[in-house]
file target-v4.cif (mmCIF, C-alpha atoms)
data_work
#
loop_
_atom_site.label_atom_id
_atom_site.label_comp_id
_atom_site.auth_asym_id
_atom_site.auth_seq_id
_atom_site.Cartn_x
_atom_site.Cartn_y
_atom_site.Cartn_z
CA MET A 1231 -77.85 -76.16 -111.61
CA VAL A 1232 -75.16 -74.54 -109.51
CA ARG A 1233 -75.77 -70.89 -108.75
CA TRP A 1234 -72.62 -68.81 -108.95
CA GLU A 1235 -72.00 -66.95 -105.70
CA PRO A 1236 -69.57 -64.04 -105.93
CA ASN A 1237 -66.48 -64.76 -103.80
CA ALA A 1238 -68.24 -67.59 -101.96
CA ARG A 1239 -64.95 -69.07 -100.78
CA GLY A 1240 -63.69 -65.80 -99.34
CA ARG A 1241 -67.02 -65.12 -97.61
CA LEU A 1242 -67.03 -68.59 -96.08
CA GLU A 1243 -63.44 -68.19 -94.85
CA GLN A 1244 -64.25 -64.84 -93.32
CA ALA A 1245 -67.43 -66.12 -91.62
CA ALA A 1246 -65.70 -69.27 -90.34
CA MET A 1247 -62.77 -67.35 -88.88
CA GLU A 1248 -65.06 -64.91 -87.06
CA LEU A 1249 -67.02 -67.79 -85.53
CA TYR A 1250 -63.87 -69.75 -84.60
CA LEU A 1251 -62.53 -66.69 -82.81
CA ASP A 1252 -65.82 -65.77 -81.13
CA ARG A 1253 -67.10 -69.18 -80.04
CA GLY A 1254 -64.17 -71.51 -80.53
CA PHE A 1255 -63.51 -73.98 -83.33
CA GLU A 1256 -65.22 -76.91 -81.58
CA GLN A 1257 -68.44 -75.04 -80.93
CA THR A 1258 -68.87 -73.82 -84.51
CA THR A 1259 -70.96 -75.79 -87.02
CA VAL A 1260 -70.86 -75.71 -90.81
CA ALA A 1261 -74.53 -74.61 -90.78
CA GLU A 1262 -73.57 -71.53 -88.75
CA ILE A 1263 -70.67 -70.69 -91.05
CA ALA A 1264 -72.85 -70.93 -94.15
CA LYS A 1265 -75.62 -68.86 -92.55
CA ARG A 1266 -73.25 -66.09 -91.48
CA ALA A 1267 -71.78 -65.99 -95.01
CA GLY A 1268 -75.30 -65.80 -96.49
CA LEU A 1269 -74.74 -69.09 -98.32
CA THR A 1270 -75.95 -72.68 -98.11
CA GLU A 1271 -74.21 -75.65 -96.48
CA ARG A 1272 -74.09 -77.18 -99.93
CA THR A 1273 -72.02 -74.24 -101.14
CA PHE A 1274 -69.72 -74.69 -98.13
CA PHE A 1275 -69.09 -78.30 -99.07
CA ARG A 1276 -68.33 -77.36 -102.67
CA HIS A 1277 -65.36 -75.39 -101.33
CA PHE A 1278 -64.26 -77.29 -98.22
CA ALA A 1279 -64.37 -80.94 -97.14
CA ASP A 1280 -65.04 -79.91 -93.53
CA LYS A 1281 -64.67 -76.99 -91.15
CA ARG A 1282 -61.03 -77.85 -90.47
CA GLU A 1283 -60.13 -77.45 -94.13
CA VAL A 1284 -60.97 -73.75 -93.91
CA LEU A 1285 -57.82 -73.47 -91.80
CA PHE A 1286 -55.63 -75.99 -93.61
CA GLY A 1287 -56.72 -75.67 -97.24
CA GLY A 1288 -53.86 -73.28 -98.06
CA GLY A 1289 -51.23 -75.74 -96.86
CA SER A 1290 -50.64 -77.57 -100.12
CA ALA A 1291 -49.99 -74.33 -102.04
CA LEU A 1292 -47.43 -73.32 -99.42
CA GLY A 1293 -45.80 -76.75 -99.58
CA GLU A 1294 -45.57 -76.52 -103.38
CA LEU A 1295 -44.03 -73.07 -103.12
CA LEU A 1296 -41.37 -74.34 -100.69
CA VAL A 1297 -40.49 -77.24 -102.96
CA SER A 1298 -40.38 -75.19 -106.18
CA ARG A 1299 -38.09 -72.60 -104.57
CA VAL A 1300 -35.68 -75.26 -103.40
CA VAL A 1301 -35.68 -77.00 -106.78
CA GLU A 1302 -35.19 -73.72 -108.65
CA ALA A 1303 -32.56 -72.17 -106.36
CA PRO A 1304 -29.47 -71.08 -108.37
CA GLU A 1305 -26.95 -73.89 -108.71
CA PRO A 1306 -24.18 -72.66 -106.38
CA ALA A 1307 -26.58 -72.32 -103.43
CA GLY A 1308 -25.76 -74.66 -100.55
CA PRO A 1309 -28.64 -76.72 -99.10
CA MET A 1310 -29.27 -74.36 -96.18
CA ASP A 1311 -29.22 -71.37 -98.56
CA ALA A 1312 -31.78 -73.06 -100.78
CA VAL A 1313 -34.01 -73.80 -97.77
CA ALA A 1314 -33.60 -70.26 -96.43
CA GLY A 1315 -34.72 -68.80 -99.77
CA ALA A 1316 -37.77 -71.08 -99.84
CA LEU A 1317 -38.73 -70.17 -96.26
CA GLU A 1318 -38.45 -66.46 -96.99
CA ALA A 1319 -40.67 -66.86 -100.06
CA ALA A 1320 -43.27 -68.69 -97.94
CA GLY A 1321 -42.88 -65.97 -95.31
CA GLU A 1322 -43.73 -63.32 -97.91
CA VAL A 1323 -46.93 -65.14 -98.81
CA LEU A 1324 -48.00 -65.37 -95.17
CA GLN A 1325 -46.98 -61.75 -94.64
CA GLU A 1326 -49.39 -60.68 -97.40
CA ARG A 1327 -52.18 -62.58 -95.65
CA GLY A 1328 -50.98 -61.20 -92.32
CA GLU A 1329 -54.28 -60.66 -90.57
CA TRP A 1330 -55.60 -64.05 -91.67
CA ALA A 1331 -52.39 -65.80 -90.61
CA ARG A 1332 -52.45 -64.19 -87.16
CA ARG A 1333 -56.11 -65.02 -86.54
CA ARG A 1334 -55.60 -68.55 -87.80
CA GLN A 1335 -52.73 -68.97 -85.33
CA THR A 1336 -54.97 -67.75 -82.47
CA VAL A 1337 -57.61 -70.36 -83.35
CA ILE A 1338 -55.04 -73.16 -83.64
CA ALA A 1339 -53.30 -72.23 -80.37
CA ALA A 1340 -56.63 -72.68 -78.55
CA ASN A 1341 -57.27 -76.23 -79.76
CA PRO A 1342 -54.99 -79.26 -79.18
CA GLU A 1343 -56.45 -81.22 -82.10
CA LEU A 1344 -55.69 -78.35 -84.49
CA GLN A 1345 -52.19 -78.03 -83.02
CA GLU A 1346 -51.61 -81.69 -83.83
CA ARG A 1347 -52.88 -81.19 -87.36
CA GLU A 1348 -50.54 -78.21 -87.78
CA LEU A 1349 -47.63 -80.29 -86.51
CA ILE A 1350 -48.40 -83.02 -89.04
CA LYS A 1351 -48.64 -80.46 -91.84
CA LEU A 1352 -45.26 -78.99 -90.92
CA ALA A 1353 -43.70 -82.47 -90.79
CA ALA A 1354 -45.05 -83.06 -94.30
CA PHE A 1355 -43.41 -79.79 -95.43
CA ALA A 1356 -40.11 -81.01 -93.97
CA SER A 1357 -40.37 -84.32 -95.85
CA GLU A 1358 -41.12 -82.49 -99.09
CA LEU A 1359 -38.22 -80.09 -98.58
CA ALA A 1360 -35.83 -82.98 -97.90
CA GLU A 1361 -36.99 -84.71 -101.08
CA ALA A 1362 -36.48 -81.48 -103.06
CA LEU A 1363 -32.95 -81.19 -101.66
CA ARG A 1364 -32.15 -84.79 -102.62
CA ARG A 1365 -33.32 -83.93 -106.13
CA ARG A 1366 -30.65 -81.19 -106.07
CA GLY A 1367 -28.10 -83.88 -105.25
CA VAL A 1368 -27.83 -83.15 -101.52
CA ALA A 1369 -26.92 -86.34 -99.66
CA GLU A 1370 -28.46 -87.66 -96.46
CA PRO A 1371 -28.42 -86.83 -93.60
CA ALA A 1372 -27.66 -83.26 -94.75
CA ALA A 1373 -30.93 -83.06 -96.74
CA SER A 1374 -33.11 -84.10 -93.81
CA LEU A 1375 -31.16 -81.97 -91.33
CA CYS A 1376 -31.55 -78.82 -93.45
CA ALA A 1377 -35.22 -79.52 -94.11
CA GLU A 1378 -36.19 -80.36 -90.53
CA THR A 1379 -34.23 -77.58 -88.89
CA GLY A 1380 -35.44 -75.18 -91.58
CA ILE A 1381 -39.05 -75.95 -90.72
CA ALA A 1382 -38.28 -75.60 -87.00
CA VAL A 1383 -36.78 -72.17 -87.67
CA PHE A 1384 -39.81 -71.22 -89.75
CA ARG A 1385 -42.24 -72.23 -87.01
CA ILE A 1386 -40.36 -70.33 -84.31
CA ALA A 1387 -40.04 -67.24 -86.52
CA PHE A 1388 -43.74 -67.42 -87.34
CA VAL A 1389 -44.84 -67.62 -83.69
CA ASN A 1390 -42.55 -64.70 -82.78
CA TRP A 1391 -43.91 -62.69 -85.68
CA VAL A 1392 -47.51 -63.37 -84.59
CA GLU A 1393 -46.69 -62.18 -81.07
CA ASP A 1394 -44.69 -59.15 -82.24
CA ALA A 1395 -46.33 -55.87 -81.31
CA ASP A 1396 -44.12 -53.86 -83.69
CA GLN A 1397 -45.35 -55.80 -86.70
CA ARG A 1398 -41.94 -56.22 -88.28
CA ASP A 1399 -42.13 -58.37 -91.37
CA LEU A 1400 -42.05 -62.15 -91.34
CA PRO A 1401 -39.18 -62.71 -93.83
CA GLN A 1402 -37.05 -60.54 -91.51
CA PHE A 1403 -37.98 -62.77 -88.55
CA ILE A 1404 -37.02 -65.82 -90.59
CA ARG A 1405 -33.61 -64.36 -91.49
CA GLU A 1406 -32.96 -63.45 -87.85
CA SER A 1407 -33.93 -66.93 -86.67
CA LEU A 1408 -31.56 -68.50 -89.19
CA ASP A 1409 -28.80 -66.22 -87.89
CA ASP A 1410 -29.67 -67.24 -84.34
CA LEU A 1411 -29.55 -70.91 -85.30
CA ARG A 1412 -26.09 -70.40 -86.81
CA ALA A 1413 -24.93 -68.68 -83.62
CA VAL A 1414 -26.20 -71.35 -81.20
CA THR A 1415 -24.95 -74.17 -83.41
CA ALA A 1416 -21.49 -72.69 -83.76
CA GLY A 1417 -21.38 -72.23 -79.98
CA THR A 1418 -21.50 -75.97 -79.36
CA MET B 596 -57.40 -110.18 -54.81
CA VAL B 597 -54.70 -109.41 -57.36
CA ARG B 598 -52.51 -112.36 -58.24
CA TRP B 599 -48.88 -111.38 -58.69
CA GLU B 600 -47.58 -112.38 -62.10
CA PRO B 601 -43.79 -112.50 -62.42
CA ASN B 602 -42.65 -109.87 -64.97
CA ALA B 603 -46.17 -109.42 -66.33
CA ARG B 604 -45.30 -106.07 -67.89
CA GLY B 605 -42.29 -107.42 -69.73
CA ARG B 606 -44.21 -110.46 -70.97
CA LEU B 607 -47.04 -108.26 -72.23
CA GLU B 608 -44.59 -105.94 -74.02
CA GLN B 609 -42.88 -108.90 -75.64
CA ALA B 610 -46.17 -110.52 -76.74
CA ALA B 611 -47.56 -107.22 -78.05
CA MET B 612 -44.46 -106.44 -80.08
CA GLU B 613 -44.43 -109.89 -81.69
CA LEU B 614 -48.08 -109.52 -82.68
CA TYR B 615 -47.64 -105.96 -83.96
CA LEU B 616 -44.77 -107.12 -86.16
CA ASP B 617 -46.52 -110.29 -87.36
CA ARG B 618 -50.04 -109.01 -88.00
CA GLY B 619 -49.79 -105.25 -87.81
CA PHE B 620 -50.73 -102.93 -84.97
CA GLU B 621 -54.30 -102.35 -86.20
CA GLN B 622 -55.11 -106.03 -86.48
CA THR B 623 -53.93 -106.94 -82.99
CA THR B 624 -56.37 -107.01 -80.05
CA VAL B 625 -55.64 -106.72 -76.33
CA ALA B 626 -57.23 -110.16 -75.87
CA GLU B 627 -54.63 -111.65 -78.23
CA ILE B 628 -51.76 -109.90 -76.49
CA ALA B 629 -52.89 -111.16 -73.08
CA LYS B 630 -53.41 -114.68 -74.34
CA ARG B 631 -49.98 -114.85 -75.98
CA ALA B 632 -48.40 -113.60 -72.75
CA GLY B 633 -50.33 -116.22 -70.75
CA LEU B 634 -52.11 -113.48 -68.78
CA THR B 635 -55.60 -112.00 -68.58
CA GLU B 636 -56.92 -108.84 -70.24
CA ARG B 637 -57.43 -107.46 -66.75
CA THR B 638 -53.71 -107.81 -66.08
CA PHE B 639 -52.99 -106.04 -69.36
CA PHE B 640 -55.11 -103.08 -68.29
CA ARG B 641 -53.37 -102.90 -64.93
CA HIS B 642 -50.18 -102.12 -66.84
CA PHE B 643 -51.34 -100.25 -69.96
CA ALA B 644 -54.28 -97.97 -70.73
CA ASP B 645 -54.54 -99.40 -74.27
CA LYS B 646 -52.49 -101.24 -76.88
CA ARG B 647 -50.87 -98.00 -78.05
CA GLU B 648 -49.41 -97.34 -74.62
CA VAL B 649 -47.25 -100.46 -74.95
CA LEU B 650 -45.31 -98.47 -77.56
CA PHE B 651 -45.47 -95.03 -75.93
CA GLY B 652 -45.38 -95.79 -72.21
CA GLY B 653 -41.62 -95.22 -72.01
CA GLY B 654 -41.90 -91.72 -73.44
CA SER B 655 -42.36 -89.82 -70.21
CA ALA B 656 -39.25 -91.37 -68.63
CA LEU B 657 -37.22 -90.34 -71.70
CA GLY B 658 -38.67 -86.83 -71.55
CA GLU B 659 -37.76 -86.55 -67.87
CA LEU B 660 -34.23 -87.73 -68.60
CA LEU B 661 -33.80 -85.09 -71.32
CA VAL B 662 -35.04 -82.33 -69.02
CA SER B 663 -32.94 -83.40 -66.02
CA ARG B 664 -29.78 -83.56 -68.14
CA VAL B 665 -30.35 -80.06 -69.47
CA VAL B 666 -31.13 -78.67 -66.02
CA GLU B 667 -28.09 -80.36 -64.47
CA ALA B 668 -25.57 -79.61 -67.24
CA PRO B 669 -22.44 -77.90 -65.81
CA GLU B 670 -22.82 -74.13 -65.69
CA PRO B 671 -20.43 -73.08 -68.49
CA ALA B 672 -22.22 -75.29 -71.05
CA GLY B 673 -23.86 -73.32 -73.86
CA PRO B 674 -27.47 -74.17 -74.72
CA MET B 675 -26.60 -76.43 -77.64
CA ASP B 676 -23.98 -78.22 -75.52
CA ALA B 677 -26.57 -78.84 -72.82
CA VAL B 678 -29.04 -80.20 -75.38
CA ALA B 679 -26.35 -82.36 -77.01
CA GLY B 680 -25.49 -83.93 -73.65
CA ALA B 681 -29.16 -84.67 -72.96
CA LEU B 682 -29.68 -86.23 -76.39
CA GLU B 683 -26.64 -88.46 -75.97
CA ALA B 684 -27.90 -89.62 -72.57
CA ALA B 685 -31.29 -90.46 -74.12
CA GLY B 686 -29.44 -92.18 -76.96
CA GLU B 687 -27.63 -94.41 -74.46
CA VAL B 688 -30.93 -95.49 -72.93
CA LEU B 689 -32.37 -96.38 -76.34
CA GLN B 690 -29.11 -98.08 -77.28
CA GLU B 691 -29.47 -100.39 -74.25
CA ARG B 692 -32.97 -101.28 -75.41
CA GLY B 693 -31.67 -101.56 -78.97
CA GLU B 694 -33.69 -104.49 -80.23
CA TRP B 695 -36.90 -103.14 -78.69
CA ALA B 696 -36.28 -99.65 -80.12
CA ARG B 697 -35.66 -101.01 -83.62
CA ARG B 698 -38.75 -103.23 -83.59
CA ARG B 699 -40.85 -100.39 -82.19
CA GLN B 700 -39.66 -98.17 -85.05
CA THR B 701 -40.68 -100.83 -87.59
CA VAL B 702 -44.19 -100.98 -86.13
CA ILE B 703 -44.55 -97.19 -86.05
CA ALA B 704 -43.23 -96.75 -89.60
CA ALA B 705 -46.03 -99.05 -90.85
CA ASN B 706 -48.88 -97.05 -89.30
CA PRO B 707 -49.72 -93.38 -90.03
CA GLU B 708 -51.66 -92.94 -86.78
CA LEU B 709 -48.67 -94.14 -84.75
CA GLN B 710 -46.37 -91.87 -86.77
CA GLU B 711 -48.57 -88.92 -85.80
CA ARG B 712 -48.48 -89.95 -82.16
CA GLU B 713 -44.68 -90.18 -82.32
CA LEU B 714 -44.51 -86.72 -83.90
CA ILE B 715 -46.64 -85.30 -81.09
CA LYS B 716 -44.48 -87.00 -78.48
CA LEU B 717 -41.31 -85.55 -80.02
CA ALA B 718 -42.90 -82.07 -80.15
CA ALA B 719 -43.66 -82.42 -76.44
CA PHE B 720 -39.99 -83.33 -75.82
CA ALA B 721 -38.96 -80.17 -77.69
CA SER B 722 -41.28 -78.02 -75.55
CA GLU B 723 -39.92 -79.58 -72.37
CA LEU B 724 -36.32 -79.07 -73.51
CA ALA B 725 -37.01 -75.42 -74.35
CA GLU B 726 -38.57 -74.88 -70.92
CA ALA B 727 -35.53 -76.53 -69.25
CA LEU B 728 -33.22 -74.19 -71.21
CA ARG B 729 -35.21 -71.14 -70.15
CA ARG B 730 -34.80 -72.31 -66.54
CA ARG B 731 -31.04 -72.18 -67.20
CA GLY B 732 -31.48 -68.55 -68.23
CA VAL B 733 -31.34 -69.11 -71.99
CA ALA B 734 -33.39 -66.42 -73.76
CA GLU B 735 -35.87 -66.90 -76.58
CA PRO B 736 -35.67 -67.64 -79.47
CA ALA B 737 -32.35 -69.40 -78.69
CA ALA B 738 -34.03 -71.80 -76.23
CA SER B 739 -36.68 -72.93 -78.71
CA LEU B 740 -34.21 -73.07 -81.60
CA CYS B 741 -31.81 -75.33 -79.68
CA ALA B 742 -34.63 -77.53 -78.41
CA GLU B 743 -36.44 -77.94 -81.73
CA THR B 744 -33.36 -78.46 -83.84
CA GLY B 745 -31.95 -80.79 -81.16
CA ILE B 746 -35.03 -83.00 -81.40
CA ALA B 747 -34.85 -82.91 -85.21
CA VAL B 748 -31.22 -84.07 -85.02
CA PHE B 749 -32.19 -86.79 -82.56
CA ARG B 750 -34.95 -88.10 -84.81
CA ILE B 751 -32.73 -88.17 -87.90
CA ALA B 752 -29.90 -89.86 -85.99
CA PHE B 753 -32.33 -92.41 -84.59
CA VAL B 754 -33.75 -93.34 -88.00
CA ASN B 755 -30.24 -93.67 -89.46
CA TRP B 756 -29.19 -95.82 -86.53
CA VAL B 757 -32.22 -98.11 -87.00
CA GLU B 758 -31.33 -98.54 -90.68
CA ASP B 759 -27.63 -99.00 -90.04
CA ALA B 760 -26.41 -102.47 -90.92
CA ASP B 761 -23.11 -102.03 -89.05
CA GLN B 762 -24.89 -101.41 -85.77
CA ARG B 763 -22.72 -98.50 -84.72
CA ASP B 764 -23.95 -97.00 -81.48
CA LEU B 765 -26.70 -94.41 -81.28
CA PRO B 766 -24.85 -91.74 -79.23
CA GLN B 767 -22.22 -91.78 -82.00
CA PHE B 768 -24.93 -91.17 -84.62
CA ILE B 769 -26.24 -88.28 -82.54
CA ARG B 770 -22.78 -86.68 -82.28
CA GLU B 771 -22.26 -87.06 -86.04
CA SER B 772 -25.64 -85.53 -86.81
CA LEU B 773 -24.86 -82.54 -84.57
CA ASP B 774 -21.57 -82.11 -86.44
CA ASP B 775 -23.45 -82.31 -89.75
CA LEU B 776 -25.93 -79.71 -88.54
CA ARG B 777 -23.07 -77.39 -87.63
CA ALA B 778 -21.51 -77.89 -91.07
CA VAL B 779 -24.70 -77.22 -93.08
CA THR B 780 -25.64 -74.26 -90.89
CA ALA B 781 -22.21 -72.66 -91.18
CA GLY B 782 -22.41 -73.14 -94.96
CA THR B 783 -25.38 -70.76 -95.29
#
call {"tool": "encode", "arguments": {"input": "target-v4.cif", "output": "structure tokens"}}
result
Amino acid sequence: MVRWEPNARGRLEQAAMELYLDRGFEQTTVAEIAKRAGLTERTFFRHFADKREVLFGGGSALGELLVSRVVEAPEPAGPMDAVAGALEAAGEVLQERGEWARRRQTVIAANPELQERELIKLAAFASELAEALRRRGVAEPAASLCAETGIAVFRIAFVNWVEDADQRDLPQFIRESLDDLRAVTAGT
Amino acid sequence: MVRWEPNARGRLEQAAMELYLDRGFEQTTVAEIAKRAGLTERTFFRHFADKREVLFGGGSALGELLVSRVVEAPEPAGPMDAVAGALEAAGEVLQERGEWARRRQTVIAANPELQERELIKLAAFASELAEALRRRGVAEPAASLCAETGIAVFRIAFVNWVEDADQRDLPQFIRESLDDLRAVTAGT
């Protein structure tokens, strides 16, 4: 029989993040995470495949959000408009989980293996965005260009937002980065 | 005593590529590569750390070329101009090794682990390009935006060039992709 633990997932996330920040991701074990959360390892593995998934589990929801926003963008929107709207929507989600997103970024920045995983996740987002644009009838290479550069803009805006002392909001950073991209591209 | 083998490196590259294409990268051993090249495993390891390095050994030279072209671009060049010039120079190098570059791409496309390695290599190129732009006095986020989107353009142009039946040249694909990027970005 499985005992129901109130907010087990949230407690495990919280405990894992504290340990990753205190000791480093590498040095933290699942046993320690479970103990700190007052739960068993078995409960941990009901929620996460491994300790890395605590950091990357939210990725598929974000990917789905990006795709649905591109697919559902109003018809007259150009491909870069559709991507911009999707990125801002994703930015709002991360903004709401601001403290988590910032701490997660700190953990990832300290570990090359996690950086690689993040890179691979973002590349998957770009592929999914390009596919969503093609479903809107956008031809190649425009679909891939919008998707890949959109994700690059998103990543740069995100890092700047994390480092921002004034705590301006993430969708604003994304809009500014898109404006910057337009300016440097036009300057060629 | 080390026996000198005429063009050992080239023979090993050739043998490795044939085996990777015939049997797959995973299924090929260093012993088989050496044997097919008529050389010993010891000779292989004098030239390459492992069988993956046969595919990625040229990466640092390409990275250095990109950086030097950005650093040495004439003073009035804007950041995206400087990046465009560097990408075209890299495109010319790959163009000269056209058959190798196409076969390498086929091997990488068939293997997720190699795709990840390629992604990490391209991200390193983007970091190096951004650093070279900052040395030219380009501020952030413009430096990172130009570097990251430049590498995205390069990758898309490269894949289109590989798939192109007409065998138009790679620098041309790169110029067209930059034009496309400008068009989609301006359309926002």
call {"tool": "resolve_selection", "arguments": {"input": "target-v4.cif", "expression": "the PyMOL selection byres ((chain A) within 6 of (chain B))", "output": "NGL selection string"}}
result
:A and (1310-1311 or 1379 or 1412 or 1415 or 1418)
call {"tool": "residues_around", "arguments": {"input": "target-v4.cif", "residues": "B:Glu608", "least_positions_apart": "6", "cutoff": "9 Å", "atoms": "all atoms listed in the file", "output": "list of chain:residue names"}}
result
B:Ile628, B:Ala632, B:Val649, B:Leu650
call {"tool": "atom_distance", "arguments": {"input": "target-v4.cif", "atom1": "atom CA of B:Arg698", "atom2": "atom CA of B:Gln622"}}
result
16.8 Å
call {"tool": "resolve_selection", "arguments": {"input": "target-v4.cif", "expression": "the PyMOL selection byres ((chain A and resi 1272) around 12)", "output": "ChimeraX atom specification"}}
result
/A:1232-1233,1235,1238,1242,1260-1261,1263-1265,1268-1271,1273-1280
call {"tool": "residues_around", "arguments": {"input": "target-v4.cif", "residues": "A:Glu1322", "least_positions_apart": "4", "cutoff": "10 Å", "atoms": "all atoms listed in the file", "output": "PyMOL selection string"}}
result
chain A and resi 1316-1318+1326-1328+1399-1402
call {"tool": "resolve_selection", "arguments": {"input": "target-v4.cif", "expression": "the PyMOL selection byres ((chain B and resi 617-619) around 12)", "output": "list in words"}}
result
Ala610, Ala611, Met612, Glu613, Leu614, Tyr615, Leu616, Phe620, Glu621, Gln622, Thr623, Thr624, Glu627, Ile628, Lys646, Arg698, Arg699, Thr701, Val702, Ile703, Ala704, Ala705, Asn706 and Leu709 of chain B
call {"tool": "atom_distance", "arguments": {"input": "target-v4.cif", "atom1": "atom CA of B:Phe753", "atom2": "atom CA of B:Gly686"}}
result
8.2 Å
call {"tool": "atom_distance", "arguments": {"input": "target-v4.cif", "atom1": "atom CA of A:Gly1288", "atom2": "atom CA of A:Gln1335"}}
result
13.5 Å
